[in-house]
>>> print(open('model.cif').read())   # mmCIF, C-alpha atoms
data_structure
loop_
_atom_site.label_atom_id
_atom_site.label_comp_id
_atom_site.auth_asym_id
_atom_site.auth_seq_id
_atom_site.Cartn_x
_atom_site.Cartn_y
_atom_site.Cartn_z
CA MET A 1 -14.74 -17.87 20.61
CA SER A 2 -15.04 -19.55 17.26
CA GLU A 3 -13.88 -22.86 15.88
CA VAL A 4 -10.14 -23.13 15.31
CA ARG A 5 -9.33 -22.34 11.68
CA ASN A 6 -6.32 -23.74 9.88
CA VAL A 7 -5.26 -20.29 8.74
CA ILE A 8 -6.51 -16.72 9.04
CA ILE A 9 -5.25 -14.23 6.48
CA ILE A 10 -5.06 -10.64 7.71
CA GLY A 11 -5.14 -8.12 4.87
CA SER A 12 -5.88 -8.44 1.18
CA GLY A 13 -4.26 -7.02 -1.97
CA PRO A 14 -2.20 -9.16 -4.36
CA ALA A 15 -0.41 -10.93 -1.50
CA GLY A 16 -3.49 -11.69 0.56
CA TYR A 17 -5.75 -12.75 -2.29
CA THR A 18 -3.06 -14.99 -3.79
CA ALA A 19 -2.40 -16.54 -0.40
CA GLY A 20 -6.13 -17.10 -0.05
CA LEU A 21 -6.35 -18.68 -3.49
CA TYR A 22 -3.54 -21.14 -2.79
CA ALA A 23 -4.73 -21.93 0.72
CA ALA A 24 -8.28 -22.52 -0.50
CA ARG A 25 -7.12 -24.81 -3.31
CA ALA A 26 -5.09 -26.73 -0.69
CA MET A 27 -8.37 -27.35 1.17
CA LEU A 28 -7.26 -25.36 4.22
CA GLU A 29 -10.59 -23.50 4.38
CA PRO A 30 -8.92 -20.12 4.93
CA LEU A 31 -10.62 -17.14 6.54
CA MET A 32 -9.61 -13.62 5.46
CA PHE A 33 -10.14 -10.30 7.17
CA ALA A 34 -9.55 -8.02 4.20
CA GLY A 35 -9.94 -4.72 6.04
CA TYR A 36 -12.51 -1.97 5.61
CA LEU A 37 -10.60 -0.76 2.54
CA SER A 38 -10.03 -4.15 0.95
CA GLY A 39 -7.82 -4.64 -2.06
CA GLY A 40 -4.68 -2.86 -0.92
CA GLN A 41 -2.82 -0.07 -2.69
CA LEU A 42 -3.78 -1.27 -6.17
CA MET A 43 -7.29 0.00 -5.44
CA LEU A 44 -5.67 3.43 -5.82
CA THR A 45 -3.82 2.65 -9.06
CA SER A 46 -5.31 3.54 -12.41
CA ASP A 47 -3.38 1.32 -14.82
CA VAL A 48 -1.30 -1.77 -14.17
CA GLU A 49 0.87 -2.37 -17.22
CA ASN A 50 3.57 -4.71 -15.90
CA PHE A 51 1.62 -7.65 -14.46
CA PRO A 52 2.11 -10.74 -16.66
CA GLY A 53 -0.98 -11.89 -18.49
CA TYR A 54 -2.46 -8.45 -19.16
CA PRO A 55 -0.92 -7.33 -22.47
CA LYS A 56 -3.27 -4.35 -22.72
CA GLY A 57 -2.94 -3.44 -19.05
CA ILE A 58 -5.69 -3.48 -16.45
CA GLY A 59 -7.07 -1.10 -13.85
CA GLY A 60 -5.86 -1.74 -10.32
CA PRO A 61 -9.35 -2.04 -8.80
CA GLU A 62 -10.44 -4.34 -11.63
CA MET A 63 -7.45 -6.61 -11.05
CA MET A 64 -8.19 -6.79 -7.32
CA MET A 65 -11.82 -7.66 -7.94
CA GLU A 66 -10.78 -10.44 -10.32
CA LEU A 67 -8.26 -11.83 -7.82
CA ARG A 68 -10.86 -11.72 -5.07
CA GLU A 69 -13.48 -13.46 -7.22
CA GLN A 70 -10.98 -16.14 -8.21
CA ALA A 71 -10.01 -16.85 -4.59
CA GLU A 72 -13.65 -16.93 -3.45
CA ARG A 73 -14.47 -19.39 -6.21
CA PHE A 74 -12.15 -21.90 -4.55
CA GLY A 75 -13.59 -21.30 -1.09
CA LEU A 76 -11.81 -18.34 0.50
CA GLU A 77 -14.12 -16.80 3.11
CA ILE A 78 -13.72 -13.01 3.15
CA HIS A 79 -14.91 -10.41 5.64
CA ASP A 80 -14.23 -6.73 4.95
CA LYS A 81 -13.31 -5.92 8.53
CA ASN A 82 -10.18 -4.69 10.29
CA VAL A 83 -8.30 -6.80 12.80
CA GLU A 84 -7.96 -4.91 16.07
CA SER A 85 -5.35 -7.08 17.78
CA VAL A 86 -3.84 -10.55 17.96
CA ASP A 87 -2.60 -12.73 20.81
CA LEU A 88 0.36 -14.84 19.75
CA SER A 89 1.34 -15.97 23.24
CA GLU A 90 -0.11 -19.45 22.84
CA GLN A 91 -1.75 -21.81 20.34
CA PRO A 92 -4.28 -21.50 18.92
CA TYR A 93 -3.65 -17.84 18.11
CA LYS A 94 -6.36 -15.31 18.86
CA VAL A 95 -7.48 -12.68 16.34
CA VAL A 96 -9.80 -9.95 17.64
CA VAL A 97 -12.16 -8.37 15.11
CA GLU A 98 -14.76 -5.83 16.23
CA GLY A 99 -14.74 -7.31 19.69
CA GLU A 100 -15.12 -10.89 18.50
CA THR A 101 -12.30 -13.41 18.93
CA PHE A 102 -11.35 -15.87 16.18
CA LEU A 103 -8.93 -18.77 16.63
CA ALA A 104 -6.37 -20.12 14.17
CA HIS A 105 -3.45 -22.53 14.09
CA SER A 106 -1.59 -20.21 11.71
CA LEU A 107 -1.73 -16.66 10.39
CA ILE A 108 -0.67 -14.93 7.18
CA VAL A 109 -0.14 -11.19 7.58
CA SER A 110 -0.59 -9.28 4.32
CA THR A 111 -1.70 -5.87 5.57
CA GLY A 112 0.61 -3.92 3.28
CA ALA A 113 1.72 -0.35 3.89
CA GLU A 114 0.03 3.05 4.02
CA SER A 115 0.98 6.46 2.69
CA ILE A 116 3.26 8.78 4.67
CA TRP A 117 2.10 12.37 5.15
CA LEU A 118 4.34 15.42 5.47
CA ASN A 119 2.61 16.73 8.62
CA LYS A 120 3.50 20.34 7.82
CA PRO A 121 1.63 23.37 9.20
CA GLY A 122 -1.81 23.69 7.62
CA GLU A 123 -1.84 20.11 6.32
CA GLU A 124 -4.34 18.48 8.65
CA ALA A 125 -7.05 21.02 7.88
CA GLN A 126 -6.63 20.57 4.13
CA LYS A 127 -6.65 16.78 3.96
CA GLY A 128 -9.48 16.02 1.57
CA ARG A 129 -9.87 19.73 0.78
CA GLY A 130 -6.94 19.91 -1.60
CA ILE A 131 -4.22 17.72 -0.12
CA SER A 132 -4.32 14.02 -0.98
CA THR A 133 -2.14 10.92 -1.23
CA CYS A 134 -4.12 9.41 -4.09
CA ALA A 135 -4.18 11.00 -7.53
CA THR A 136 -6.42 8.26 -8.87
CA CYS A 137 -8.98 8.94 -6.17
CA ASP A 138 -8.98 12.72 -6.31
CA GLY A 139 -7.32 13.84 -9.56
CA ALA A 140 -10.59 14.40 -11.41
CA PHE A 141 -11.58 17.07 -8.87
CA PHE A 142 -8.83 19.33 -10.23
CA ARG A 143 -9.77 19.52 -13.87
CA ASP A 144 -8.10 22.53 -15.57
CA GLU A 145 -6.44 23.56 -12.30
CA GLU A 146 -2.78 23.73 -11.26
CA VAL A 147 -1.58 21.04 -8.86
CA MET A 148 1.66 19.77 -7.34
CA VAL A 149 3.13 16.38 -6.50
CA ILE A 150 5.73 15.88 -3.77
CA GLY A 151 8.23 13.04 -4.05
CA GLY A 152 11.06 11.57 -6.08
CA GLY A 153 10.18 7.94 -6.62
CA ASP A 154 8.14 5.97 -9.13
CA SER A 155 4.91 6.79 -7.33
CA ALA A 156 5.53 10.53 -7.54
CA CYS A 157 6.39 10.43 -11.24
CA GLU A 158 3.43 8.17 -11.97
CA GLU A 159 1.03 10.41 -10.08
CA ALA A 160 2.36 13.52 -11.81
CA THR A 161 1.91 11.92 -15.22
CA PHE A 162 -1.56 10.66 -14.34
CA LEU A 163 -2.66 14.11 -13.16
CA THR A 164 -1.88 15.63 -16.56
CA ARG A 165 -5.13 14.03 -17.72
CA PHE A 166 -7.00 16.58 -15.64
CA ALA A 167 -4.79 19.43 -14.46
CA SER A 168 -3.67 22.35 -16.60
CA LYS A 169 -0.22 22.17 -14.99
CA VAL A 170 1.55 19.77 -12.63
CA THR A 171 4.58 20.80 -10.59
CA LEU A 172 6.71 17.91 -9.35
CA VAL A 173 8.60 18.93 -6.21
CA HIS A 174 11.57 16.99 -4.85
CA ARG A 175 13.91 17.88 -1.98
CA ARG A 176 16.96 16.64 -3.89
CA ASP A 177 18.10 16.70 -7.52
CA VAL A 178 18.50 12.91 -7.74
CA PHE A 179 15.33 10.86 -8.28
CA LYS A 180 14.82 7.32 -7.04
CA ALA A 181 12.29 6.72 -9.80
CA SER A 182 13.08 4.29 -12.59
CA THR A 183 14.43 5.88 -15.73
CA ILE A 184 11.29 5.20 -17.75
CA MET A 185 8.98 6.68 -15.12
CA TYR A 186 11.17 9.77 -14.60
CA GLU A 187 11.59 10.46 -18.30
CA ARG A 188 7.86 10.09 -18.89
CA ALA A 189 7.27 12.85 -16.36
CA ALA A 190 10.23 15.03 -17.31
CA LYS A 191 9.31 15.10 -21.00
CA HIS A 192 5.64 15.87 -20.46
CA GLU A 193 4.71 19.37 -21.56
CA LYS A 194 2.34 19.87 -18.63
CA ILE A 195 4.88 18.91 -15.94
CA GLU A 196 7.41 21.27 -14.38
CA ILE A 197 10.03 19.76 -12.08
CA LYS A 198 11.37 21.75 -9.12
CA THR A 199 14.37 20.22 -7.35
CA PHE A 200 15.88 21.21 -4.01
CA ARG A 201 12.44 22.18 -2.78
CA GLN A 202 10.42 20.90 0.18
CA VAL A 203 7.13 22.04 1.65
CA GLN A 204 7.58 24.35 4.64
CA SER A 205 3.87 25.08 5.13
CA TRP A 206 0.53 24.99 3.34
CA LEU A 207 -1.56 27.99 2.33
CA SER A 208 -5.36 28.06 2.20
CA ASP A 209 -8.49 30.18 2.38
CA GLU A 210 -12.12 29.45 3.17
CA LYS A 211 -12.49 27.50 -0.09
CA GLY A 212 -9.55 25.19 0.46
CA LEU A 213 -5.90 24.88 -0.56
CA THR A 214 -4.34 27.85 -2.35
CA GLY A 215 -0.69 26.91 -2.39
CA ALA A 216 2.44 26.16 -0.39
CA VAL A 217 5.60 27.80 0.86
CA LEU A 218 8.55 25.87 -0.55
CA GLU A 219 11.94 25.90 1.14
CA ASP A 220 15.35 25.22 -0.35
CA PRO A 221 17.00 22.77 2.09
CA ARG A 222 20.45 24.02 1.09
CA ASP A 223 20.09 27.60 2.30
CA GLY A 224 16.61 27.97 3.79
CA SER A 225 15.39 30.37 1.13
CA THR A 226 11.69 30.17 0.31
CA GLU A 227 9.25 30.70 -2.52
CA THR A 228 5.49 30.47 -2.77
CA ILE A 229 3.71 28.25 -5.28
CA SER A 230 0.03 28.66 -6.12
CA VAL A 231 -1.88 25.39 -6.50
CA THR A 232 -5.36 24.21 -5.62
CA GLY A 233 -4.37 20.56 -5.30
CA ALA A 234 -1.38 18.74 -3.83
CA PHE A 235 -0.54 15.04 -3.86
CA ILE A 236 1.98 13.62 -1.39
CA ALA A 237 3.92 10.63 -2.72
CA ILE A 238 6.91 10.23 -0.40
CA GLY A 239 6.57 6.63 0.61
CA HIS A 240 4.71 4.27 2.87
CA LYS A 241 4.83 2.74 6.33
CA PRO A 242 3.92 -0.88 7.04
CA ILE A 243 0.62 -1.60 8.77
CA THR A 244 1.72 -3.65 11.77
CA GLY A 245 0.35 -1.80 14.79
CA PHE A 246 -2.28 -4.45 15.48
CA LEU A 247 0.50 -6.99 16.11
CA GLY A 248 1.44 -5.22 19.32
CA GLY A 249 5.16 -5.81 18.86
CA GLN A 250 4.77 -9.58 19.10
CA VAL A 251 6.46 -10.18 15.73
CA GLU A 252 9.99 -9.03 14.96
CA THR A 253 10.24 -6.03 12.63
CA ASP A 254 13.08 -3.93 11.28
CA SER A 255 13.80 -0.33 12.31
CA GLU A 256 11.06 0.96 9.99
CA GLY A 257 8.42 -1.49 11.17
CA TYR A 258 8.56 -3.96 8.28
CA ILE A 259 8.09 -7.59 9.32
CA VAL A 260 11.25 -9.71 9.18
CA HIS A 261 11.23 -13.17 7.65
CA LYS A 262 13.08 -15.83 9.63
CA LYS A 263 12.60 -19.02 7.62
CA HIS A 264 11.14 -18.67 4.14
CA THR A 265 8.01 -16.57 4.77
CA MET A 266 7.69 -17.41 8.47
CA THR A 267 8.15 -14.59 10.95
CA SER A 268 9.84 -14.71 14.35
CA VAL A 269 6.72 -16.47 15.68
CA GLU A 270 6.16 -20.11 14.73
CA GLY A 271 3.07 -20.46 12.57
CA VAL A 272 2.85 -16.76 11.72
CA PHE A 273 3.76 -15.90 8.14
CA ALA A 274 3.89 -12.61 6.26
CA ALA A 275 3.72 -11.56 2.62
CA GLY A 276 3.64 -8.47 0.42
CA ASP A 277 4.46 -4.85 1.19
CA VAL A 278 4.29 -5.40 4.95
CA VAL A 279 7.59 -7.27 4.44
CA ASP A 280 8.99 -5.96 1.16
CA THR A 281 11.30 -2.97 1.48
CA ARG A 282 12.83 -3.32 -1.98
CA TYR A 283 10.53 -4.33 -4.83
CA LYS A 284 7.00 -3.29 -3.83
CA GLN A 285 5.39 -4.64 -7.00
CA ALA A 286 2.07 -6.40 -7.47
CA ILE A 287 3.77 -9.41 -9.03
CA THR A 288 6.29 -9.81 -6.18
CA ALA A 289 3.52 -9.42 -3.59
CA ALA A 290 1.44 -12.08 -5.34
CA GLY A 291 4.45 -14.38 -5.53
CA MET A 292 5.12 -13.95 -1.84
CA GLY A 293 1.46 -14.65 -1.07
CA CYS A 294 1.79 -17.93 -2.96
CA GLN A 295 4.93 -18.79 -0.98
CA ALA A 296 3.27 -17.97 2.34
CA ALA A 297 0.28 -20.21 1.62
CA MET A 298 2.53 -23.09 0.59
CA ASP A 299 4.65 -22.56 3.70
CA VAL A 300 1.52 -22.64 5.84
CA GLU A 301 0.37 -25.88 4.26
CA LYS A 302 3.77 -27.51 4.89
CA TRP A 303 3.97 -26.17 8.45
CA LEU A 304 0.51 -27.44 9.34
CA GLU A 305 1.47 -30.86 8.01
CA ASP A 306 4.66 -30.88 10.07
CA GLN A 307 2.70 -29.93 13.17
CA HIS A 308 0.13 -32.64 12.47
CA LEU A 309 -2.61 -30.01 12.57
#
>>> encode(input="model.cif", output="structure tokens")
Amino acid sequence: MSEVRNVIIIGSGPAGYTAGLYAARAMLEPLMFAGYLSGGQLMLTSDVENFPGYPKGIGGPEMMMELREQAERFGLEIHDKNVESVDLSEQPYKVVVEGETFLAHSLIVSTGAESIWLNKPGEEAQKGRGISTCATCDGAFFRDEEVMVIGGGDSACEEATFLTRFASKVTLVHRRDVFKASTIMYERAAKHEKIEIKTFRQVQSWLSDEKGLTGAVLEDPRDGSTETISVTGAFIAIGHKPITGFLGGQVETDSEGYIVHKKHTMTSVEGVFAAGDVVDTRYKQAITAAGMGCQAAMDVEKWLEDQHL
């Protein structure tokens, strides 16, 4: 057992780092468990063009490093470890990390969300051998090769456009003919000479040989007809699921697992707050996550005062 901290922040990214910055400046001496892959989804984003204050844009990893450095400058203590479980049955709350238990009066959960896979036949064997969920991470491996992107939202269109830097051709596959992507993101992809868009197509199975991915069998959901596409790389961009398993069902979530706010940023458990993509089912932007992290830290400060802690 450790000393009882005022607040432990679980997860990093724009929400977590901003919460840490505000909590540190409020002299709460916050402790953060950022996770083994600290920084959140922006660590997988090449260019951030819509965050205020960066007129020329900034790389996602660079932004996260700057946010982390800023928060640490004010006293945020960060450990790049994953939280295994929490016990919210009584105060102080218990946070278990690599077998060690930490105590806190309050928690801020900012663990974000992770990519959803298709889980089609042949997929598991080709993860990392041609099938990926991160174009920024793996796009350069497919220089002058043909690749595909699966999805219909902003992420899919952004990944398809990004991959044109490397690939000779990018096929954007979507199971419907209506895209959820914003108009600017869709048009950027649709007008690109290297991108071909295939609608009413979904992956039925993956094809491979001893070298790795060779293509996929695409199915038309309207009539079940199929066609084969030859690609050496595929990037799945169909959405995310919130990272809440470590909570053990102790905090109320919606049907998809996203944490539900009850009062401002407080969850269904008194003294437990949440911010960022682990809560947000609508906006999912760096700026909204950072704003929510700010709100959570201010809510924690007020709650601790009210509890005379």
>>> residues_near_point(input="model.cif", point="(1.5, 4.4, -9.1)", cutoff="12 Å", atoms="all atoms listed in the file", output="PyMOL selection string")
chain A and resi 41-50+59-60+115+133-137+153-163+181+185+237-239+284-286
>>> closest_atom_pairs(input="model.cif", of="region 83-176 of chain A", to="region 246-252 of chain A", cutoff="10 Å", atoms="only C-alpha atoms", output="CSV")
residue,atom,partner,partner_atom,distance
A:Val83,CA,A:Phe246,CA,7.0
A:Glu84,CA,A:Phe246,CA,5.7
A:Ser85,CA,A:Phe246,CA,4.7
A:Val86,CA,A:Leu247,CA,5.9
A:Asp87,CA,A:Leu247,CA,8.0
A:Leu88,CA,A:Gln250,CA,6.9
A:Ser89,CA,A:Gln250,CA,8.4
A:Val95,CA,A:Phe246,CA,9.8
A:Val96,CA,A:Phe246,CA,9.6
A:Val109,CA,A:Leu247,CA,9.5
>>> residues_around(input="model.cif", residues="Cys294 (chain A)", least_positions_apart="2", cutoff="9 Å", atoms="all atoms listed in the file", output="ChimeraX atom specification")
/A:15-16,18-23,275,289-292,296-299
>>> closest_residue(input="model.cif", among="A:Thr265, A:Gln126, A:Thr171, A:Thr164", to="Gly212 (chain A)", atoms="all atoms listed in the file")
A:Gln126
>>> residues_around(input="model.cif", residues="Gly122 (chain A)", least_positions_apart="4", cutoff="12 Å", atoms="only C-alpha atoms", output="list of chain:residue names")
A:Leu118, A:Gln126, A:Lys127, A:Arg129, A:Gly130, A:Ile131, A:Val203, A:Gln204, A:Ser205, A:Trp206, A:Leu207, A:Ser208, A:Asp209, A:Gly212, A:Leu213, A:Thr214, A:Gly215, A:Ala216, A:Val217
>>> closest_residue(input="model.cif", among="A:Phe235, A:Tyr186, A:Phe166, A:Tyr36", to="Ala140 (chain A)", atoms="all atoms listed in the file")
A:Phe166
>>> resolve_selection(input="model.cif", expression="the PyMOL selection byres ((chain A and resi 167) around 9)", output="list in words")
Gly139, Ala140, Phe142, Arg143, Asp144, Glu145, Glu146, Val147, Leu163, Thr164, Arg165, Phe166, Ser168, Lys169, Val170 and Lys194 of chain A
>>> write_last_selection(input="model.cif", atoms="C-alpha atoms", output="JSON list (two decimals), in the frame of the given file")
[["chain", "number", "residue", "atom", "x", "y", "z"],
["A", 139, "GLY", "CA", -7.32, 13.84, -9.56],
["A", 140, "ALA", "CA", -10.59, 14.40, -11.41],
["A", 142, "PHE", "CA", -8.83, 19.33, -10.23],
["A", 143, "ARG", "CA", -9.77, 19.52, -13.87],
["A", 144, "ASP", "CA", -8.10, 22.53, -15.57],
["A", 145, "GLU", "CA", -6.44, 23.56, -12.30],
["A", 146, "GLU", "CA", -2.78, 23.73, -11.26],
["A", 147, "VAL", "CA", -1.58, 21.04, -8.86],
["A", 163, "LEU", "CA", -2.66, 14.11, -13.16],
["A", 164, "THR", "CA", -1.88, 15.63, -16.56],
["A", 165, "ARG", "CA", -5.13, 14.03, -17.72],
["A", 166, "PHE", "CA", -7.00, 16.58, -15.64],
["A", 168, "SER", "CA", -3.67, 22.35, -16.60],
["A", 169, "LYS", "CA", -0.22, 22.17, -14.99],
["A", 170, "VAL", "CA", 1.55, 19.77, -12.63],
["A", 194, "LYS", "CA", 2.34, 19.87, -18.63]]
>>> closest_residue(input="model.cif", among="A:Thr267, A:Ser182, A:Ser12, A:Thr111", to="Leu76 (chain A)", atoms="only C-alpha atoms")
A:Ser12
>>> atom_distance(input="model.cif", atom1="CA of Glu196 (chain A)", atom2="CA of Ile236 (chain A)")
16.0 Å
>>> atom_distance(input="model.cif", atom1="CA of His192 (chain A)", atom2="CA of Thr228 (chain A)")
22.9 Å
>>> atom_distance(input="model.cif", atom1="CA of Thr199 (chain A)", atom2="CA of Arg176 (chain A)")
5.6 Å
>>> residues_around(input="model.cif", residues="Met65 (chain A)", least_positions_apart="5", cutoff="10 Å", atoms="all atoms listed in the file", output="PDB file with C-alpha atoms, in the frame of the given file")
ATOM      1  CA  GLY A  13      -4.260  -7.020  -1.970  1.00  0.00           C
ATOM      2  CA  TYR A  17      -5.750 -12.750  -2.290  1.00  0.00           C
ATOM      3  CA  SER A  38     -10.030  -4.150   0.950  1.00  0.00           C
ATOM      4  CA  GLY A  39      -7.820  -4.640  -2.060  1.00  0.00           C
ATOM      5  CA  MET A  43      -7.290   0.000  -5.440  1.00  0.00           C
ATOM      6  CA  GLY A  60      -5.860  -1.740 -10.320  1.00  0.00           C
ATOM      7  CA  GLN A  70     -10.980 -16.140  -8.210  1.00  0.00           C
ATOM      8  CA  ALA A  71     -10.010 -16.850  -4.590  1.00  0.00           C
TER       9      ALA A  71
END
>>> residues_around(input="model.cif", residues="Glu256 (chain A)", least_positions_apart="4", cutoff="12 Å", atoms="only C-alpha atoms", output="ChimeraX atom specification")
/A:113,239-244,252,260,278-281
>>> build_atoms(input="model.cif", residues="region 269-292 of chain A", atoms="N, CA and C atoms", output="mmCIF file, keeping the file's coordinate frame")
data_model
loop_
_atom_site.group_PDB
_atom_site.id
_atom_site.type_symbol
_atom_site.label_atom_id
_atom_site.label_comp_id
_atom_site.auth_asym_id
_atom_site.auth_seq_id
_atom_site.Cartn_x
_atom_site.Cartn_y
_atom_site.Cartn_z
ATOM 1 N N VAL A 269 7.659 -15.655 14.910
ATOM 2 C CA VAL A 269 6.720 -16.470 15.680
ATOM 3 C C VAL A 269 6.331 -17.693 14.852
ATOM 4 N N GLU A 270 6.519 -18.869 15.415
ATOM 5 C CA GLU A 270 6.160 -20.110 14.730
ATOM 6 C C GLU A 270 4.691 -20.091 14.314
ATOM 7 N N GLY A 271 4.436 -20.407 13.043
ATOM 8 C CA GLY A 271 3.070 -20.460 12.570
ATOM 9 C C GLY A 271 2.490 -19.130 12.117
ATOM 10 N N VAL A 272 3.289 -18.081 12.199
ATOM 11 C CA VAL A 272 2.850 -16.760 11.720
ATOM 12 C C VAL A 272 3.715 -16.387 10.529
ATOM 13 N N PHE A 273 3.074 -16.169 9.396
ATOM 14 C CA PHE A 273 3.760 -15.900 8.140
ATOM 15 C C PHE A 273 3.379 -14.496 7.656
ATOM 16 N N ALA A 274 4.168 -13.958 6.755
ATOM 17 C CA ALA A 274 3.890 -12.610 6.260
ATOM 18 C C ALA A 274 4.249 -12.521 4.789
ATOM 19 N N ALA A 275 3.502 -11.681 4.056
ATOM 20 C CA ALA A 275 3.720 -11.560 2.620
ATOM 21 C C ALA A 275 3.336 -10.170 2.125
ATOM 22 N N GLY A 276 3.999 -9.733 1.067
ATOM 23 C CA GLY A 276 3.640 -8.470 0.420
ATOM 24 C C GLY A 276 4.382 -7.276 0.989
ATOM 25 N N ASP A 277 3.783 -6.093 0.839
ATOM 26 C CA ASP A 277 4.460 -4.850 1.190
ATOM 27 C C ASP A 277 4.663 -4.657 2.686
ATOM 28 N N VAL A 278 4.039 -5.479 3.512
ATOM 29 C CA VAL A 278 4.290 -5.400 4.950
ATOM 30 C C VAL A 278 5.668 -5.971 5.288
ATOM 31 N N VAL A 279 6.251 -6.681 4.308
ATOM 32 C CA VAL A 279 7.590 -7.270 4.440
ATOM 33 C C VAL A 279 8.573 -6.613 3.481
ATOM 34 N N ASP A 280 8.131 -6.347 2.278
ATOM 35 C CA ASP A 280 8.990 -5.960 1.160
ATOM 36 C C ASP A 280 9.461 -4.509 1.267
ATOM 37 N N THR A 281 10.746 -4.319 1.436
ATOM 38 C CA THR A 281 11.300 -2.970 1.480
ATOM 39 C C THR A 281 12.019 -2.606 0.174
ATOM 40 N N ARG A 282 12.032 -3.524 -0.762
ATOM 41 C CA ARG A 282 12.830 -3.320 -1.980
ATOM 42 C C ARG A 282 12.004 -3.239 -3.257
ATOM 43 N N TYR A 283 11.173 -4.232 -3.522
ATOM 44 C CA TYR A 283 10.530 -4.330 -4.830
ATOM 45 C C TYR A 283 9.168 -3.633 -4.884
ATOM 46 N N LYS A 284 8.297 -3.951 -3.947
ATOM 47 C CA LYS A 284 7.000 -3.290 -3.830
ATOM 48 C C LYS A 284 6.199 -3.315 -5.131
ATOM 49 N N GLN A 285 6.132 -4.468 -5.762
ATOM 50 C CA GLN A 285 5.390 -4.640 -7.000
ATOM 51 C C GLN A 285 4.245 -5.627 -6.776
ATOM 52 N N ALA A 286 3.210 -5.490 -7.592
ATOM 53 C CA ALA A 286 2.070 -6.400 -7.470
ATOM 54 C C ALA A 286 2.496 -7.842 -7.713
ATOM 55 N N ILE A 287 3.368 -8.057 -8.679
ATOM 56 C CA ILE A 287 3.770 -9.410 -9.030
ATOM 57 C C ILE A 287 4.622 -10.041 -7.920
ATOM 58 N N THR A 288 5.488 -9.257 -7.270
ATOM 59 C CA THR A 288 6.290 -9.810 -6.180
ATOM 60 C C THR A 288 5.432 -10.067 -4.956
ATOM 61 N N ALA A 289 4.442 -9.203 -4.716
ATOM 62 C CA ALA A 289 3.520 -9.420 -3.590
ATOM 63 C C ALA A 289 2.712 -10.691 -3.806
ATOM 64 N N ALA A 290 2.210 -10.874 -5.032
ATOM 65 C CA ALA A 290 1.440 -12.080 -5.340
ATOM 66 C C ALA A 290 2.306 -13.321 -5.182
ATOM 67 N N GLY A 291 3.539 -13.246 -5.664
ATOM 68 C CA GLY A 291 4.450 -14.380 -5.530
ATOM 69 C C GLY A 291 4.705 -14.728 -4.075
ATOM 70 N N MET A 292 4.876 -13.706 -3.250
ATOM 71 C CA MET A 292 5.120 -13.950 -1.840
ATOM 72 C C MET A 292 3.872 -14.515 -1.157
#
